[in-house]
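A.B. asks: To start, I am sharing the structure in question, which I have written as structure tokens.
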Amino acid sequence: MDIKFVAAGAAVPAKAAVARIVFEGDTHEGPLAQAVAASRFTGAKGQTLDILAPQGLDAARLVLVGAGKRDAFTTLGAEQAAAAAYNAVKTSGLTTLRVELSGATDHSVHAAFGLRLASYRFDKYRTKEAAEKKPSVTHAEIVAADPDAALGAFAPLSALADGITFTRDLVSEPANVLYPAEFARRVKALETLGLEVEILGEPEMMKLGMGSLLGVGQGSVRESQLAVIKWYGADDKSAQPVAFVGKGVCFDTGGISIKPAENMEDMKWDMGGAGAVAGLMHALAGRKAKVNAIGILGLVENMPDGNAYRPGDVLTSMSGQTIEVVNTDAEGRLVLADALWYCQDRFKPKFMVDLATLTGAIIIALGNDYAGCFSNNDELSANLLAASAAEDEGLWRLPLPTAYEKQIDSMIADMKNTGGRPGGSITAALFLQRYVNGVPWAHLDIASTAWKKPSSVGTIPDGATGYGVRLLNRMVQDRYEG
């Protein structure tokens with residue numbers, strides 16, 4: 001979507017809808033007051049009132065968008081109000097949306113950000129969609145007290161929106177298009193932003209001893225990859241980096257422990273953690289973040305080939321620890337085990353945060369609006385939770401009780417790869433903790449938040465959410481840049 005900032009009173013383009021952000025208790029005059037009186041519109045958050053050919057306005061359509069109480073209006077409220085405006089007129093046949101809101105520049109800027117997120121649509125494979133179902137709004141104008149200042153302030157948020165869009169595109173792609181090598185190629189292309197990207201293939205990973213990650217991918221004809229993304233934005237390029245690690249299972253059949261056929265098509269987004277890390281690195285580079293950051297993506301397919309790893313196999317990880325495979329559908333932790341060890345061993349980061357669509361158990365525990373957070377470090381956990389609240393990306397900390405360690409004890413190896421159903425998300429996190437080597441670490445289980453079907457949030461269309469990109473970007477911005 002093409003977005004620009006305009007001054008109040010600027011001429012309204014032809015074929016435009018005007019969205020006016022209003023609050024509970026606002027008074028209206030003339031025909032507008034009559035329209036409000038004839039409806040149940042009160043200005044409550046999320047309400048819209050659509051008025052065609054409004055008298056006294058040069059607009060083809062006027063949409064009143066409720067934003068709740070004026071004194072409680074925030075930048076997040078501006079995002080959601082703009083998203084509600086867009087969703088009210090996106091298939092109207094009009095091409096331009098003007099959003100009118102009074103107040104601080106940051107409200108105008110975040111309204112533009114909300115429009116960027118709400119207008120996302122993954123439609124590259126649609127060939128016969130009826131014209132009336134396609135969004136018609138392609139241009140937006142945001143009224144701002146100082147349009148030039150708003151444009152400058154929008155630049156970092158535009159870069160963040162680019163990162164979120166990149167993640168959503170990756171997560172939306174079908175697995176026959178986005179397999180490990182193709183994922184790696186798309187990440188390699190980010191070098192145009194100033195990132196440095198290395199791609200390790202199977203021979204390089206074999207030399208490093210990554211038997212855990214390679215074991216998962218050995219049943220696929222698609223070669224496994226490890227993508228290493230580096231951003232050196234701090235003044236001191238040798239300063240200790242922050243690090244993010246993503247599970248990138250580009251398709252997960254469950255392997256020999258095969259999943260049921262119903263809904264297996266959703267397993268194309270089992271690489272949502274790697275997608276989020278890639279989008280985060282995109283955003284950090286796009287806004288020239290003053291930080292050194294590392295992104296590690298473990299990219300595999302989990303397929304039930306004749307060469308696939310089996311229940312009962314023992315894998316040797318890069319750390320030297322051995323793992324008895326009890327269930328080949330508990331594969332994400334095997335990928336992350338080697339990726340985490342490699343990350344801490346090579347880069348010696350301040351902390352590591354991994355993101356993974358790891359367990360169905362987290363959905364049972366927290367529903368669809370919160371990801372699970374597990375951490376060995378209270379400060380890191382607090383920073384993540386603060387960023388979660390600021391960006392409205394739900395996150396909830398869960399415990400790592402040592403008493404549950406016995407659930408992943410193995411009779412023949414150092415550990416087994418699943419502790420069964422009780423506390424399944426917890427035992428998965430306890431497994432990962434054995435590969436961080438004491439480095440401050442947090443594990444975000446995003447199986448509940450990476451994909452919405454349907455979505456109830458205006459800035460998140462159905463499907464890939466891009467969860468984690470803005471949360472982690474906010475944490476880095478608030479706590480680790482300087």
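In the structure tokens, chains take letters A, B, ... by order of appearance, with residues numbered from 1 within each chain and ligands from 1 in the order shown.
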Tell me, as a PyMOL selection string, which residues lie within 8 Å of region 363-379 of chain A, counting only C-alpha atoms; anything in the same chain fewer than 6 positions away does not count.
C.D. replies: chain A and resi 393-400+426+429+433+440-449+452
A.B. asks: Can you list every residue in region 257-474 of chain A that DSSP puts in alpha helix (DSSP H), as a ChimeraX atom specification?
C.D. replies: /A:272-286,332-347,361-366,378-391,424-433,469-474
A.B. asks: Between A:Ala140, A:Val300, A:Leu101, A:Ile294, which residue has the minimum interatomic distance to Arg346 (chain A), considering only C-alpha atoms?
C.D. replies: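 The closest residue to Arg346 (chain A) is A:Ile294.
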A.B. asks: Could you state the separation of CA of Thr42 (chain A) and CA of Lys69 (chain A) in Å, given to one decimal place?
C.D. replies: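 So the answer is 10.6 Å.
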A.B. asks: What lies within 8 Å of Lys247 (chain A) using only C-alpha atoms, ignoring chain neighbours under 5 positions off, as a list in words?
C.D. replies: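 Residues near the query, excluding close chain neighbours: Asp270, Met271, Gly272, Gly273, Ala274, Leu297, Gly298, Leu299, Gly332, Val335, Leu336, Asp354, Leu355, Ala356 and Thr357 of chain A.
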A.B. asks: Okay, now the selection with N, CA and C atoms, as a compact mmCIF listing (two decimals), in the first residue's frame?
C.D. replies:
# COMPACT_ATOMS: atom_id res chain seq x y z
N ASP A 270 5.41 -24.85 10.10
CA ASP A 270 6.22 -25.31 11.23
C ASP A 270 7.61 -24.67 11.21
N MET A 271 7.82 -23.79 10.24
CA MET A 271 9.06 -23.00 10.19
C MET A 271 8.82 -21.58 10.68
N GLY A 272 7.71 -21.37 11.41
CA GLY A 272 7.34 -20.03 11.85
C GLY A 272 8.38 -19.37 12.74
N GLY A 273 9.10 -20.15 13.54
CA GLY A 273 10.15 -19.57 14.38
C GLY A 273 11.29 -19.02 13.55
N ALA A 274 11.74 -19.80 12.56
CA ALA A 274 12.79 -19.32 11.67
C ALA A 274 12.30 -18.13 10.86
N LEU A 297 19.12 -19.97 11.77
CA LEU A 297 17.94 -20.69 11.33
C LEU A 297 18.31 -22.13 11.01
N GLY A 298 17.69 -23.07 11.71
CA GLY A 298 17.86 -24.49 11.40
C GLY A 298 16.75 -24.92 10.45
N LEU A 299 17.11 -25.24 9.20
CA LEU A 299 16.12 -25.46 8.15
C LEU A 299 16.15 -26.91 7.68
N GLY A 332 11.43 -30.65 16.37
CA GLY A 332 11.90 -29.28 16.42
C GLY A 332 12.99 -29.06 17.46
N VAL A 335 16.35 -30.06 16.13
CA VAL A 335 16.93 -29.03 15.26
C VAL A 335 17.53 -27.92 16.10
N LEU A 336 16.77 -27.46 17.08
CA LEU A 336 17.22 -26.35 17.91
C LEU A 336 18.41 -26.72 18.79
N ASP A 354 15.24 -18.33 21.50
CA ASP A 354 14.80 -19.17 20.39
C ASP A 354 13.29 -19.07 20.24
N LEU A 355 12.84 -19.17 19.00
CA LEU A 355 11.41 -19.15 18.69
C LEU A 355 11.10 -20.41 17.91
N ALA A 356 10.00 -21.06 18.29
CA ALA A 356 9.67 -22.33 17.66
C ALA A 356 8.19 -22.64 17.80
N THR A 357 7.59 -23.12 16.73
CA THR A 357 6.26 -23.72 16.80
C THR A 357 6.48 -25.14 17.34
A.B. asks: Write out as a PyMOL selection string each polymer residue whose atoms come within 12 Å of Asn437 (chain A), counting only C-alpha atoms; drop sequence neighbours fewer than 2 positions from it.
C.D. replies: chain A and resi 319+321+337-338+340-345+348-349+351-352+376+432-435+439-441
